[in-house]
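Asks: The following block contains the structure, expressed as structure tokens.
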Amino acid sequence: MIGNMLEYYNMTKKNNVEIIYTGALWAGGIEGLGSTLRRQMEFEELSLSASQSVFSVFVELMNNMLMYSVEKMDIEGHPGVSKGVFVLASKQKVYFAQSGNMMKTENVELVKGRIDYLNSLDKQGLRKFYKEKIRQKDENEGSKGAGLGLIEIAKRSNEPIIYEFTPCGEDLTFMTICVKIG
Amino acid sequence: MAFYLEKEKTGSTPKVLIDEAKKYMKIEGESYHENVIEFFKDISTWLEQHFEAVCDGFVFECEMTYFNSSTAKLLLNMLLHMDDCAALGKNVTVNWITSEDNDIIIECGEDFEEELSNLTFNLVIN
């Protein structure tokens, strides 16, 4: 176990990883990691609009994982603590934000369809779609953000959202989302 | 008793002030807590139940530096309710305050303004 550290370190270096986080995800944890992320972008002297974009994608990816990860941790007094992994890599002020979490296979087509649709829209189209969605009444409580988070993510990136769905057993699929910013 | 509410900001929730007697409300800072609905609950309830009665001459200042998509939905709902009240011939003002380099907040202010037709919406860029 302990001998792997150099290997991990070299791997993160090779992939230009700035931040990697895995384990428990909860609202307060997002705050903590968020302020670390902000500080790091300050060190790199990123413009406000660039750092806001990275931060926004980070928050929406984390909130998505909190909501949709099927791996929940059973901690007394803390319902809804989820598991997932978040990686932020950067090269010459271009950022790659990635999230990974386990989801129900039955929802894969729905999520894929949503992302494919967003990827087909241009900036104006996204802005219009966002406005349509934000005015919609929530159809069910289970979808708190009504898919707004994904639209916000798409708005902050100039390139299509990349995804990968890896089946893990019969009912579960590991979902990876990668967003390029800047 | 006129409604009065003050909330100090935390890492992911904004500072809030509602002073019904002064017909003034201000929200400032950041909002990206996972459960924003819970955070804004008493504000939304007050708006729905009491705002209409006091809305003439009311000023809402929104000076947020960042908010997530769930907060955006909530804010728009609040503004739409204010707009409905203003439709009854009442004078309601919203000042959307931001810095000139905060593109996301400016864009959002522009989008929201298009949805509102009765209240006075000022995009204040410092």
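By convention here, the chains of the structure tokens are called A, B, ... in the order presented, each chain's residues are numbered starting at 1, and ligands are numbered starting at 1 in the order presented.
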With a cut-off of 8 Å and counting only C-alpha atoms, select all residues of chain B in contact with chain A and give the selection as number ranges by chain.

Replies: B: 11-12, 32-35, 66, 68-70, 72-73, 76, 101-104, 111

Asks: Write out the residues from the selection above, keeping N, CA and C atoms, as a short mmCIF file (atom, residue, chain, number, x, y, z; two decimals), in the first residue's frame.

Replies:
```cif
data_model
loop_
_atom_site.label_atom_id
_atom_site.label_comp_id
_atom_site.auth_asym_id
_atom_site.auth_seq_id
_atom_site.Cartn_x
_atom_site.Cartn_y
_atom_site.Cartn_z
N GLY B 11 -19.34 29.96 4.43
CA GLY B 11 -18.53 29.61 3.27
C GLY B 11 -19.34 29.47 1.98
N SER B 12 -20.55 28.94 2.08
CA SER B 12 -21.30 28.70 0.85
C SER B 12 -22.70 29.30 0.88
N TYR B 32 -23.74 28.54 -2.86
CA TYR B 32 -23.64 27.28 -3.60
C TYR B 32 -23.78 26.08 -2.69
N HIS B 33 -24.48 26.30 -1.58
CA HIS B 33 -24.72 25.17 -0.69
C HIS B 33 -25.60 24.16 -1.41
N GLU B 34 -25.36 22.90 -1.14
CA GLU B 34 -26.10 21.84 -1.83
C GLU B 34 -27.60 21.98 -1.58
N ASN B 35 -27.94 22.40 -0.36
CA ASN B 35 -29.35 22.52 -0.05
C ASN B 35 -29.79 23.98 0.10
N TYR B 66 -21.04 35.00 -6.72
CA TYR B 66 -21.18 33.71 -7.39
C TYR B 66 -22.38 32.97 -6.80
N ASN B 68 -24.72 29.08 -7.59
CA ASN B 68 -24.84 27.89 -8.42
C ASN B 68 -26.21 27.84 -9.11
N SER B 69 -26.43 26.78 -9.91
CA SER B 69 -27.63 26.75 -10.73
C SER B 69 -28.91 26.60 -9.89
N SER B 70 -28.84 25.88 -8.77
CA SER B 70 -30.06 25.76 -7.94
C SER B 70 -30.42 27.11 -7.32
N ALA B 72 -29.75 29.98 -8.71
CA ALA B 72 -30.26 30.80 -9.81
C ALA B 72 -31.76 30.58 -9.97
N LYS B 73 -32.17 29.34 -9.90
CA LYS B 73 -33.59 29.01 -10.05
C LYS B 73 -34.41 29.67 -8.93
N LEU B 76 -34.55 33.49 -9.38
CA LEU B 76 -35.49 33.89 -10.43
C LEU B 76 -36.93 33.77 -9.94
N ASP B 101 -15.93 42.79 -14.24
CA ASP B 101 -15.25 41.59 -14.75
C ASP B 101 -15.97 40.29 -14.37
N ASN B 102 -17.14 40.42 -13.74
CA ASN B 102 -17.86 39.20 -13.36
C ASN B 102 -18.89 38.82 -14.45
N ASP B 103 -18.35 38.23 -15.53
CA ASP B 103 -19.18 37.91 -16.71
C ASP B 103 -20.40 37.07 -16.40
N ILE B 104 -20.22 36.08 -15.52
CA ILE B 104 -21.31 35.14 -15.26
C ILE B 104 -22.50 35.85 -14.62
N ASP B 111 -30.16 37.95 -18.47
CA ASP B 111 -31.18 36.92 -18.74
C ASP B 111 -32.40 37.11 -17.85
#
```

Asks: When DSSP is applied to the backbone of this structure, which of chain B are assigned helix (DSSP H, G or I)? Write them out as a tab-separated table (two decimals) with all heavy atoms, in the first residue's frame.

Replies:
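Writing the result to result-v2.tsv gives the following:
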```tsv
chain	number	residue	atom	x	y	z
B	20	GLU	N	-38.31	44.81	6.69
B	20	GLU	CA	-39.63	45.14	6.13
B	20	GLU	C	-40.02	46.58	6.42
B	20	GLU	O	-40.60	47.27	5.56
B	20	GLU	CB	-40.67	44.17	6.69
B	20	GLU	CG	-41.95	44.13	5.92
B	20	GLU	CD	-42.98	43.22	6.60
B	20	GLU	OE1	-42.95	42.00	6.34
B	20	GLU	OE2	-43.78	43.73	7.39
B	21	ALA	N	-39.70	47.07	7.62
B	21	ALA	CA	-40.06	48.44	8.01
B	21	ALA	C	-39.42	49.46	7.07
B	21	ALA	O	-40.01	50.49	6.75
B	21	ALA	CB	-39.65	48.69	9.45
B	22	LYS	N	-38.20	49.16	6.66
B	22	LYS	CA	-37.48	50.08	5.76
B	22	LYS	C	-37.71	49.72	4.29
B	22	LYS	O	-37.11	50.33	3.40
B	22	LYS	CB	-35.98	50.06	6.06
B	22	LYS	CG	-35.64	50.73	7.38
B	22	LYS	CD	-34.15	50.85	7.57
B	22	LYS	CE	-33.84	51.61	8.87
B	22	LYS	NZ	-32.54	51.25	9.42
B	36	VAL	N	-29.77	24.70	-1.03
B	36	VAL	CA	-30.11	26.13	-0.96
B	36	VAL	C	-31.59	26.35	-0.64
B	36	VAL	O	-31.95	27.35	-0.04
B	36	VAL	CB	-29.80	26.88	-2.27
B	36	VAL	CG1	-28.34	27.15	-2.39
B	36	VAL	CG2	-30.31	26.15	-3.48
B	37	ILE	N	-32.42	25.39	-1.03
B	37	ILE	CA	-33.86	25.55	-0.80
B	37	ILE	C	-34.12	25.72	0.69
B	37	ILE	O	-34.87	26.60	1.11
B	37	ILE	CB	-34.62	24.34	-1.37
B	37	ILE	CG1	-34.42	24.30	-2.89
B	37	ILE	CG2	-36.11	24.42	-1.03
B	37	ILE	CD1	-35.00	23.10	-3.58
B	38	GLU	N	-33.44	24.91	1.48
B	38	GLU	CA	-33.57	24.99	2.93
B	38	GLU	C	-33.09	26.35	3.44
B	38	GLU	O	-33.73	27.00	4.25
B	38	GLU	CB	-32.73	23.84	3.55
B	38	GLU	CG	-32.98	23.59	5.02
B	38	GLU	CD	-34.44	23.26	5.33
B	38	GLU	OE1	-35.06	22.54	4.54
B	38	GLU	OE2	-34.92	23.74	6.37
B	39	PHE	N	-31.94	26.80	2.93
B	39	PHE	CA	-31.38	28.08	3.37
B	39	PHE	C	-32.33	29.24	3.09
B	39	PHE	O	-32.50	30.15	3.89
B	39	PHE	CB	-30.02	28.34	2.69
B	39	PHE	CG	-29.44	29.68	3.05
B	39	PHE	CD1	-28.76	29.86	4.25
B	39	PHE	CD2	-29.61	30.78	2.22
B	39	PHE	CE1	-28.24	31.11	4.61
B	39	PHE	CE2	-29.10	32.04	2.56
B	39	PHE	CZ	-28.41	32.18	3.76
B	41	LYS	N	-35.55	29.13	2.70
B	41	LYS	CA	-36.94	28.81	3.03
B	41	LYS	C	-37.68	29.96	3.72
B	41	LYS	O	-38.78	30.35	3.30
B	41	LYS	CB	-36.99	27.56	3.91
B	41	LYS	CG	-38.32	26.89	3.84
B	41	LYS	CD	-38.23	25.46	4.36
B	41	LYS	CE	-39.37	24.66	3.74
B	41	LYS	NZ	-39.15	23.24	3.81
B	42	ASP	N	-37.09	30.53	4.80
B	42	ASP	CA	-37.82	31.59	5.52
B	42	ASP	C	-37.96	32.84	4.67
B	42	ASP	O	-38.95	33.58	4.78
B	42	ASP	CB	-37.20	31.91	6.89
B	42	ASP	CG	-35.69	31.90	6.87
B	42	ASP	OD1	-35.12	31.69	5.78
B	42	ASP	OD2	-35.08	32.12	7.93
B	43	ILE	N	-36.99	33.06	3.77
B	43	ILE	CA	-37.08	34.23	2.88
B	43	ILE	C	-38.21	34.02	1.86
B	43	ILE	O	-39.04	34.91	1.65
B	43	ILE	CB	-35.73	34.44	2.15
B	43	ILE	CG1	-34.61	34.59	3.19
B	43	ILE	CG2	-35.78	35.64	1.23
B	43	ILE	CD1	-33.22	34.45	2.63
B	44	SER	N	-38.24	32.82	1.27
B	44	SER	CA	-39.29	32.53	0.28
B	44	SER	C	-40.66	32.59	0.92
B	44	SER	O	-41.61	33.12	0.32
B	44	SER	CB	-39.09	31.12	-0.31
B	44	SER	OG	-37.79	30.93	-0.75
B	45	THR	N	-40.78	32.05	2.13
B	45	THR	CA	-42.07	32.06	2.83
B	45	THR	C	-42.54	33.49	3.08
B	45	THR	O	-43.69	33.85	2.83
B	45	THR	CB	-41.96	31.31	4.17
B	45	THR	OG1	-41.40	30.04	3.91
B	45	THR	CG2	-43.31	31.16	4.84
B	46	TRP	N	-41.61	34.32	3.57
B	46	TRP	CA	-41.95	35.73	3.82
B	46	TRP	C	-42.41	36.41	2.53
B	46	TRP	O	-43.40	37.13	2.50
B	46	TRP	CB	-40.75	36.47	4.43
B	46	TRP	CG	-40.95	37.96	4.44
B	46	TRP	CD1	-41.72	38.67	5.31
B	46	TRP	CD2	-40.40	38.89	3.52
B	46	TRP	NE1	-41.70	40.00	4.99
B	46	TRP	CE2	-40.89	40.17	3.89
B	46	TRP	CE3	-39.55	38.79	2.42
B	46	TRP	CZ2	-40.54	41.33	3.20
B	46	TRP	CZ3	-39.21	39.94	1.73
B	46	TRP	CH2	-39.71	41.19	2.12
B	47	LEU	N	-41.65	36.14	1.46
B	47	LEU	CA	-42.00	36.75	0.17
B	47	LEU	C	-43.41	36.38	-0.27
B	47	LEU	O	-44.20	37.23	-0.67
B	47	LEU	CB	-41.01	36.27	-0.90
B	47	LEU	CG	-39.86	37.18	-1.28
B	47	LEU	CD1	-38.95	36.48	-2.27
B	47	LEU	CD2	-40.37	38.48	-1.87
B	48	GLU	N	-43.70	35.08	-0.18
B	48	GLU	CA	-44.99	34.61	-0.64
B	48	GLU	C	-46.14	35.13	0.21
B	48	GLU	O	-47.21	35.45	-0.29
B	48	GLU	CB	-45.01	33.08	-0.66
B	48	GLU	CG	-44.44	32.50	-1.94
B	48	GLU	CD	-44.01	31.06	-1.77
B	48	GLU	OE1	-44.64	30.35	-0.98
B	48	GLU	OE2	-43.03	30.67	-2.43
B	49	GLN	N	-45.91	35.20	1.51
B	49	GLN	CA	-47.03	35.53	2.40
B	49	GLN	C	-47.17	37.02	2.71
B	49	GLN	O	-48.25	37.51	2.97
B	49	GLN	CB	-46.89	34.74	3.70
B	49	GLN	CG	-47.04	33.24	3.45
B	49	GLN	CD	-46.84	32.42	4.71
B	49	GLN	OE1	-46.52	32.96	5.77
B	49	GLN	NE2	-47.02	31.13	4.60
B	50	HIS	N	-46.06	37.75	2.74
B	50	HIS	CA	-46.13	39.12	3.24
B	50	HIS	C	-45.65	40.20	2.27
B	50	HIS	O	-45.88	41.37	2.49
B	50	HIS	CB	-45.36	39.25	4.55
B	50	HIS	CG	-45.84	38.31	5.60
B	50	HIS	ND1	-47.02	38.50	6.28
B	50	HIS	CD2	-45.32	37.14	6.07
B	50	HIS	CE1	-47.19	37.50	7.13
B	50	HIS	NE2	-46.19	36.66	7.01
B	51	PHE	N	-44.93	39.80	1.24
B	51	PHE	CA	-44.30	40.81	0.39
B	51	PHE	C	-45.32	41.72	-0.29
B	51	PHE	O	-45.16	42.95	-0.31
B	51	PHE	CB	-43.40	40.15	-0.66
B	51	PHE	CG	-42.67	41.13	-1.52
B	51	PHE	CD1	-41.61	41.87	-1.01
B	51	PHE	CD2	-43.05	41.36	-2.84
B	51	PHE	CE1	-40.95	42.80	-1.79
B	51	PHE	CE2	-42.38	42.29	-3.63
B	51	PHE	CZ	-41.33	43.01	-3.11
B	52	GLU	N	-46.37	41.12	-0.80
B	52	GLU	CA	-47.36	41.88	-1.56
B	52	GLU	C	-47.89	43.09	-0.77
B	52	GLU	O	-48.07	44.18	-1.31
B	52	GLU	CB	-48.51	40.98	-1.98
B	52	GLU	CG	-49.39	41.61	-3.02
B	52	GLU	CD	-50.55	40.71	-3.44
B	52	GLU	OE1	-50.36	39.48	-3.53
B	52	GLU	OE2	-51.64	41.25	-3.67
B	53	ALA	N	-48.12	42.88	0.52
B	53	ALA	CA	-48.70	43.94	1.36
B	53	ALA	C	-47.76	45.13	1.55
B	53	ALA	O	-48.20	46.25	1.80
B	53	ALA	CB	-49.10	43.35	2.71
B	54	VAL	N	-46.44	44.87	1.46
B	54	VAL	CA	-45.48	45.95	1.75
B	54	VAL	C	-44.66	46.37	0.55
B	54	VAL	O	-43.71	47.15	0.65
B	54	VAL	CB	-44.50	45.53	2.88
B	54	VAL	CG1	-45.26	45.31	4.18
B	54	VAL	CG2	-43.71	44.30	2.50
B	69	SER	N	-26.43	26.78	-9.91
B	69	SER	CA	-27.63	26.75	-10.73
B	69	SER	C	-28.91	26.60	-9.89
B	69	SER	O	-29.94	27.16	-10.25
B	69	SER	CB	-27.53	25.64	-11.78
B	69	SER	OG	-27.34	24.39	-11.15
B	70	SER	N	-28.84	25.88	-8.77
B	70	SER	CA	-30.06	25.76	-7.94
B	70	SER	C	-30.42	27.11	-7.32
B	70	SER	O	-31.59	27.45	-7.19
B	70	SER	CB	-29.90	24.75	-6.81
B	70	SER	OG	-28.96	23.78	-7.09
B	71	THR	N	-29.38	27.89	-6.94
B	71	THR	CA	-29.65	29.23	-6.40
B	71	THR	C	-30.26	30.12	-7.48
B	71	THR	O	-31.16	30.91	-7.21
B	71	THR	CB	-28.36	29.87	-5.87
B	71	THR	OG1	-27.77	29.00	-4.91
B	71	THR	CG2	-28.64	31.22	-5.22
B	72	ALA	N	-29.75	29.98	-8.71
B	72	ALA	CA	-30.26	30.80	-9.81
B	72	ALA	C	-31.76	30.58	-9.97
B	72	ALA	O	-32.53	31.54	-10.14
B	72	ALA	CB	-29.53	30.45	-11.10
B	73	LYS	N	-32.17	29.34	-9.90
B	73	LYS	CA	-33.59	29.01	-10.05
B	73	LYS	C	-34.41	29.67	-8.93
B	73	LYS	O	-35.46	30.24	-9.18
B	73	LYS	CB	-33.76	27.49	-10.02
B	73	LYS	CG	-35.12	27.02	-10.50
B	73	LYS	CD	-35.16	25.51	-10.56
B	73	LYS	CE	-36.53	25.00	-10.94
B	73	LYS	NZ	-36.85	25.14	-12.35
B	74	LEU	N	-33.87	29.59	-7.73
B	74	LEU	CA	-34.55	30.17	-6.58
B	74	LEU	C	-34.65	31.69	-6.67
B	74	LEU	O	-35.70	32.28	-6.41
B	74	LEU	CB	-33.72	29.81	-5.35
B	74	LEU	CG	-34.49	29.20	-4.22
B	74	LEU	CD1	-33.75	28.03	-3.67
B	74	LEU	CD2	-34.72	30.25	-3.18
B	75	LEU	N	-33.54	32.30	-7.07
B	75	LEU	CA	-33.52	33.76	-7.21
B	75	LEU	C	-34.53	34.22	-8.25
B	75	LEU	O	-35.27	35.18	-8.04
B	75	LEU	CB	-32.12	34.23	-7.64
B	75	LEU	CG	-31.09	34.49	-6.55
B	75	LEU	CD1	-29.76	34.87	-7.19
B	75	LEU	CD2	-31.55	35.60	-5.59
B	76	LEU	N	-34.55	33.49	-9.38
B	76	LEU	CA	-35.49	33.89	-10.43
B	76	LEU	C	-36.93	33.77	-9.94
B	76	LEU	O	-37.76	34.64	-10.20
B	76	LEU	CB	-35.29	33.07	-11.71
B	76	LEU	CG	-36.24	33.44	-12.86
B	76	LEU	CD1	-36.04	34.89	-13.30
B	76	LEU	CD2	-36.09	32.52	-14.05
B	77	ASN	N	-37.22	32.69	-9.20
B	77	ASN	CA	-38.58	32.54	-8.66
B	77	ASN	C	-38.94	33.69	-7.73
B	77	ASN	O	-40.07	34.19	-7.75
B	77	ASN	CB	-38.71	31.21	-7.91
B	77	ASN	CG	-38.97	30.07	-8.88
B	77	ASN	OD1	-39.52	30.27	-9.95
B	77	ASN	ND2	-38.54	28.88	-8.51
B	78	MET	N	-37.97	34.13	-6.91
B	78	MET	CA	-38.21	35.25	-6.02
B	78	MET	C	-38.51	36.52	-6.83
B	78	MET	O	-39.44	37.28	-6.55
B	78	MET	CB	-37.00	35.47	-5.09
B	78	MET	CG	-36.95	34.47	-3.95
B	78	MET	SD	-35.35	34.41	-3.06
B	78	MET	CE	-35.01	36.10	-2.81
B	79	LEU	N	-37.69	36.73	-7.86
B	79	LEU	CA	-37.86	37.92	-8.70
B	79	LEU	C	-39.20	37.90	-9.44
B	79	LEU	O	-39.86	38.92	-9.58
B	79	LEU	CB	-36.70	38.04	-9.70
B	79	LEU	CG	-35.34	38.37	-9.09
B	79	LEU	CD1	-34.22	38.23	-10.12
B	79	LEU	CD2	-35.33	39.80	-8.52
B	80	LEU	N	-39.60	36.70	-9.91
B	80	LEU	CA	-40.87	36.59	-10.63
B	80	LEU	C	-42.05	36.92	-9.70
B	80	LEU	O	-43.02	37.55	-10.11
B	80	LEU	CB	-41.03	35.18	-11.21
B	80	LEU	CG	-40.15	34.87	-12.42
B	80	LEU	CD1	-40.20	33.38	-12.75
B	80	LEU	CD2	-40.57	35.69	-13.65
B	81	HIS	N	-41.91	36.50	-8.44
B	81	HIS	CA	-42.97	36.82	-7.48
B	81	HIS	C	-43.03	38.33	-7.24
B	81	HIS	O	-44.12	38.92	-7.21
B	81	HIS	CB	-42.74	36.07	-6.17
B	81	HIS	CG	-43.83	36.32	-5.17
B	81	HIS	ND1	-45.08	35.78	-5.29
B	81	HIS	CD2	-43.86	37.09	-4.06
B	81	HIS	CE1	-45.85	36.20	-4.30
B	81	HIS	NE2	-45.13	37.00	-3.52
B	82	MET	N	-41.86	38.94	-7.10
B	82	MET	CA	-41.81	40.39	-6.93
B	82	MET	C	-42.43	41.09	-8.14
B	82	MET	O	-43.14	42.08	-8.02
B	82	MET	CB	-40.37	40.87	-6.75
B	82	MET	CG	-39.74	40.46	-5.43
B	82	MET	SD	-38.05	41.10	-5.32
B	82	MET	CE	-37.70	40.74	-3.61
B	83	ASP	N	-42.15	40.52	-9.32
B	83	ASP	CA	-42.65	41.10	-10.55
B	83	ASP	C	-44.18	41.02	-10.62
B	83	ASP	O	-44.83	41.96	-11.07
B	83	ASP	CB	-42.03	40.35	-11.75
B	83	ASP	CG	-42.09	41.17	-13.03
B	83	ASP	OD1	-41.66	42.34	-12.99
B	83	ASP	OD2	-42.56	40.66	-14.05
B	84	ASP	N	-44.72	39.90	-10.15
B	84	ASP	CA	-46.18	39.75	-10.10
B	84	ASP	C	-46.80	40.80	-9.19
B	84	ASP	O	-47.86	41.36	-9.49
B	84	ASP	CB	-46.57	38.35	-9.57
B	84	ASP	CG	-46.31	37.28	-10.62
B	84	ASP	OD1	-46.14	37.64	-11.80
B	84	ASP	OD2	-46.28	36.09	-10.25
B	85	CYS	N	-46.12	41.06	-8.05
B	85	CYS	CA	-46.63	42.06	-7.12
B	85	CYS	C	-46.56	43.46	-7.75
B	85	CYS	O	-47.47	44.27	-7.59
B	85	CYS	CB	-45.85	42.05	-5.81
B	85	CYS	SG	-46.07	40.51	-4.89
B	86	ALA	N	-45.47	43.70	-8.48
B	86	ALA	CA	-45.32	45.00	-9.13
B	86	ALA	C	-46.38	45.21	-10.21
B	86	ALA	O	-46.75	46.34	-10.52
B	86	ALA	CB	-43.92	45.12	-9.74
B	103	ASP	N	-18.35	38.23	-15.53
B	103	ASP	CA	-19.18	37.91	-16.71
B	103	ASP	C	-20.40	37.07	-16.40
B	103	ASP	O	-21.47	37.28	-16.97
B	103	ASP	CB	-18.34	37.13	-17.74
B	103	ASP	CG	-17.09	37.89	-18.13
B	103	ASP	OD1	-17.06	39.11	-17.90
B	103	ASP	OD2	-16.15	37.26	-18.66
B	104	ILE	N	-20.22	36.08	-15.52
B	104	ILE	CA	-21.31	35.14	-15.26
B	104	ILE	C	-22.50	35.85	-14.62
B	104	ILE	O	-23.65	35.66	-15.00
B	104	ILE	CB	-20.83	33.97	-14.37
B	104	ILE	CG1	-19.73	33.18	-15.09
B	104	ILE	CG2	-21.98	33.05	-13.98
B	104	ILE	CD1	-19.17	31.98	-14.33
B	105	ILE	N	-22.20	36.72	-13.63
B	105	ILE	CA	-23.27	37.43	-12.93
B	105	ILE	C	-23.94	38.45	-13.86
B	105	ILE	O	-25.15	38.63	-13.83
B	105	ILE	CB	-22.72	38.13	-11.66
B	105	ILE	CG1	-22.16	37.08	-10.67
B	105	ILE	CG2	-23.79	38.98	-10.99
B	105	ILE	CD1	-23.20	36.24	-9.97
B	106	ILE	N	-23.14	39.10	-14.70
B	106	ILE	CA	-23.70	40.07	-15.64
B	106	ILE	C	-24.65	39.36	-16.62
B	106	ILE	O	-25.79	39.78	-16.83
B	106	ILE	CB	-22.59	40.82	-16.42
B	106	ILE	CG1	-21.78	41.70	-15.45
B	106	ILE	CG2	-23.19	41.68	-17.55
B	106	ILE	CD1	-20.56	42.36	-16.06
B	107	GLU	N	-24.18	38.25	-17.19
B	107	GLU	CA	-25.00	37.49	-18.14
B	107	GLU	C	-26.31	37.04	-17.50
B	107	GLU	O	-27.39	37.15	-18.09
B	107	GLU	CB	-24.22	36.27	-18.65
B	107	GLU	CG	-24.97	35.45	-19.67
B	107	GLU	CD	-24.24	34.14	-20.04
B	107	GLU	OE1	-23.13	34.21	-20.57
B	107	GLU	OE2	-24.80	33.06	-19.76
B	108	CYS	N	-26.19	36.57	-16.25
B	108	CYS	CA	-27.37	36.10	-15.54
B	108	CYS	C	-28.35	37.26	-15.29
B	108	CYS	O	-29.56	37.10	-15.45
B	108	CYS	CB	-26.94	35.47	-14.24
B	108	CYS	SG	-28.25	34.61	-13.43
B	109	GLY	N	-27.81	38.43	-14.92
B	109	GLY	CA	-28.65	39.60	-14.71
B	109	GLY	C	-29.40	39.98	-15.98
B	109	GLY	O	-30.60	40.27	-15.94
B	110	GLU	N	-28.70	39.91	-17.11
B	110	GLU	CA	-29.34	40.23	-18.39
B	110	GLU	C	-30.46	39.24	-18.72
B	110	GLU	O	-31.54	39.62	-19.16
B	110	GLU	CB	-28.30	40.20	-19.52
B	110	GLU	CG	-27.34	41.39	-19.48
B	110	GLU	CD	-26.13	41.21	-20.41
B	110	GLU	OE1	-25.99	40.12	-21.04
B	110	GLU	OE2	-25.33	42.14	-20.49
B	111	ASP	N	-30.16	37.95	-18.47
B	111	ASP	CA	-31.18	36.92	-18.74
B	111	ASP	C	-32.40	37.11	-17.85
B	111	ASP	O	-33.53	36.97	-18.31
B	111	ASP	CB	-30.59	35.52	-18.51
B	111	ASP	CG	-29.68	35.09	-19.65
B	111	ASP	OD1	-29.69	35.75	-20.69
B	111	ASP	OD2	-28.95	34.08	-19.49
B	112	PHE	N	-32.17	37.41	-16.58
B	112	PHE	CA	-33.29	37.59	-15.65
B	112	PHE	C	-34.12	38.81	-16.03
B	112	PHE	O	-35.34	38.78	-15.96
B	112	PHE	CB	-32.78	37.72	-14.21
B	112	PHE	CG	-32.37	36.40	-13.58
B	112	PHE	CD1	-32.39	35.23	-14.30
B	112	PHE	CD2	-31.96	36.35	-12.25
B	112	PHE	CE1	-32.00	34.01	-13.73
B	112	PHE	CE2	-31.59	35.14	-11.67
B	112	PHE	CZ	-31.61	33.98	-12.41
B	113	GLU	N	-33.43	39.87	-16.41
B	113	GLU	CA	-34.13	41.11	-16.75
B	113	GLU	C	-35.18	40.86	-17.85
B	113	GLU	O	-36.28	41.40	-17.81
B	113	GLU	CB	-33.13	42.18	-17.20
B	113	GLU	CG	-33.78	43.54	-17.41
B	113	GLU	CD	-32.77	44.62	-17.78
B	113	GLU	OE1	-31.60	44.29	-18.04
B	113	GLU	OE2	-33.18	45.80	-17.80
B	114	GLU	N	-34.80	40.01	-18.82
B	114	GLU	CA	-35.73	39.71	-19.92
B	114	GLU	C	-37.00	39.01	-19.45
B	114	GLU	O	-38.02	39.03	-20.12
B	114	GLU	CB	-35.04	38.83	-20.96
B	114	GLU	CG	-34.05	39.59	-21.82
B	114	GLU	CD	-33.28	38.65	-22.74
B	114	GLU	OE1	-33.81	37.58	-23.10
B	114	GLU	OE2	-32.13	38.98	-23.10
B	115	GLU	N	-36.91	38.35	-18.31
B	115	GLU	CA	-38.07	37.62	-17.80
B	115	GLU	C	-39.02	38.51	-17.00
B	115	GLU	O	-40.11	38.11	-16.64
B	115	GLU	CB	-37.61	36.47	-16.88
B	115	GLU	CG	-36.66	35.48	-17.53
B	115	GLU	CD	-37.33	34.70	-18.66
B	115	GLU	OE1	-38.46	34.24	-18.46
B	115	GLU	OE2	-36.72	34.60	-19.74
```

Asks: So that I can see what lies close to Lys26 of chain B, please list as a PyMOL selection string the residues with an atom at most 8 Å from it, counting only C-alpha atoms and leaving out residues fewer than 2 positions away in the same chain.

Replies: chain B and resi 15-18+24+28+60-63

Asks: My list of candidates is A:Met103, A:Leu88, A:Met41, A:Leu6. Which is closest to Phe174 of chain A when distances are computed with only C-alpha atoms?

Replies: A:Met103

Asks: Give me, please, the distance in Å between atom CA of Met65 of chain A and atom CA of Glu106 of chain A, quoted to one decimal.

Replies: 16.6 Å

Asks: According to DSSP computed on the backbone, where in chain B is there strand (DSSP E or B)? Give the residues as JSON, numbers by chain.

Replies: {"B": [4, 5, 6, 7, 15, 16, 17, 18, 19, 24, 25, 26, 27, 28, 29, 30, 31, 58, 59, 60, 61, 62, 63, 64, 65, 66, 67, 92, 93, 94, 95, 96, 97, 98, 120, 121, 122, 123, 124, 125]}

Asks: Report, in Å with one decimal, the straight-line distance from atom CA of Thr65 of chain B to atom CA of Glu30 of chain B.

Replies: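 Value for the atom CA of Thr65 of chain B-atom CA of Glu30 of chain B distance: 5.7 Å.
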
Asks: Could you list, as a PyMOL selection string, every residue within 12 Å of Tyr21 of chain A, counting only C-alpha atoms and ignoring same-chain residues fewer than 4 positions away?

Replies: chain A and resi 12+17+25+29-30+32-34+36-37+58+62+83-89+97-100

Asks: For atom CA of Leu5 of chain B and atom CA of Phe121 of chain B, quote the distance in Å rounded to one decimal.

Replies: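 Going from atom CA of Leu5 of chain B over to atom CA of Phe121 of chain B covers 23.2 Å.
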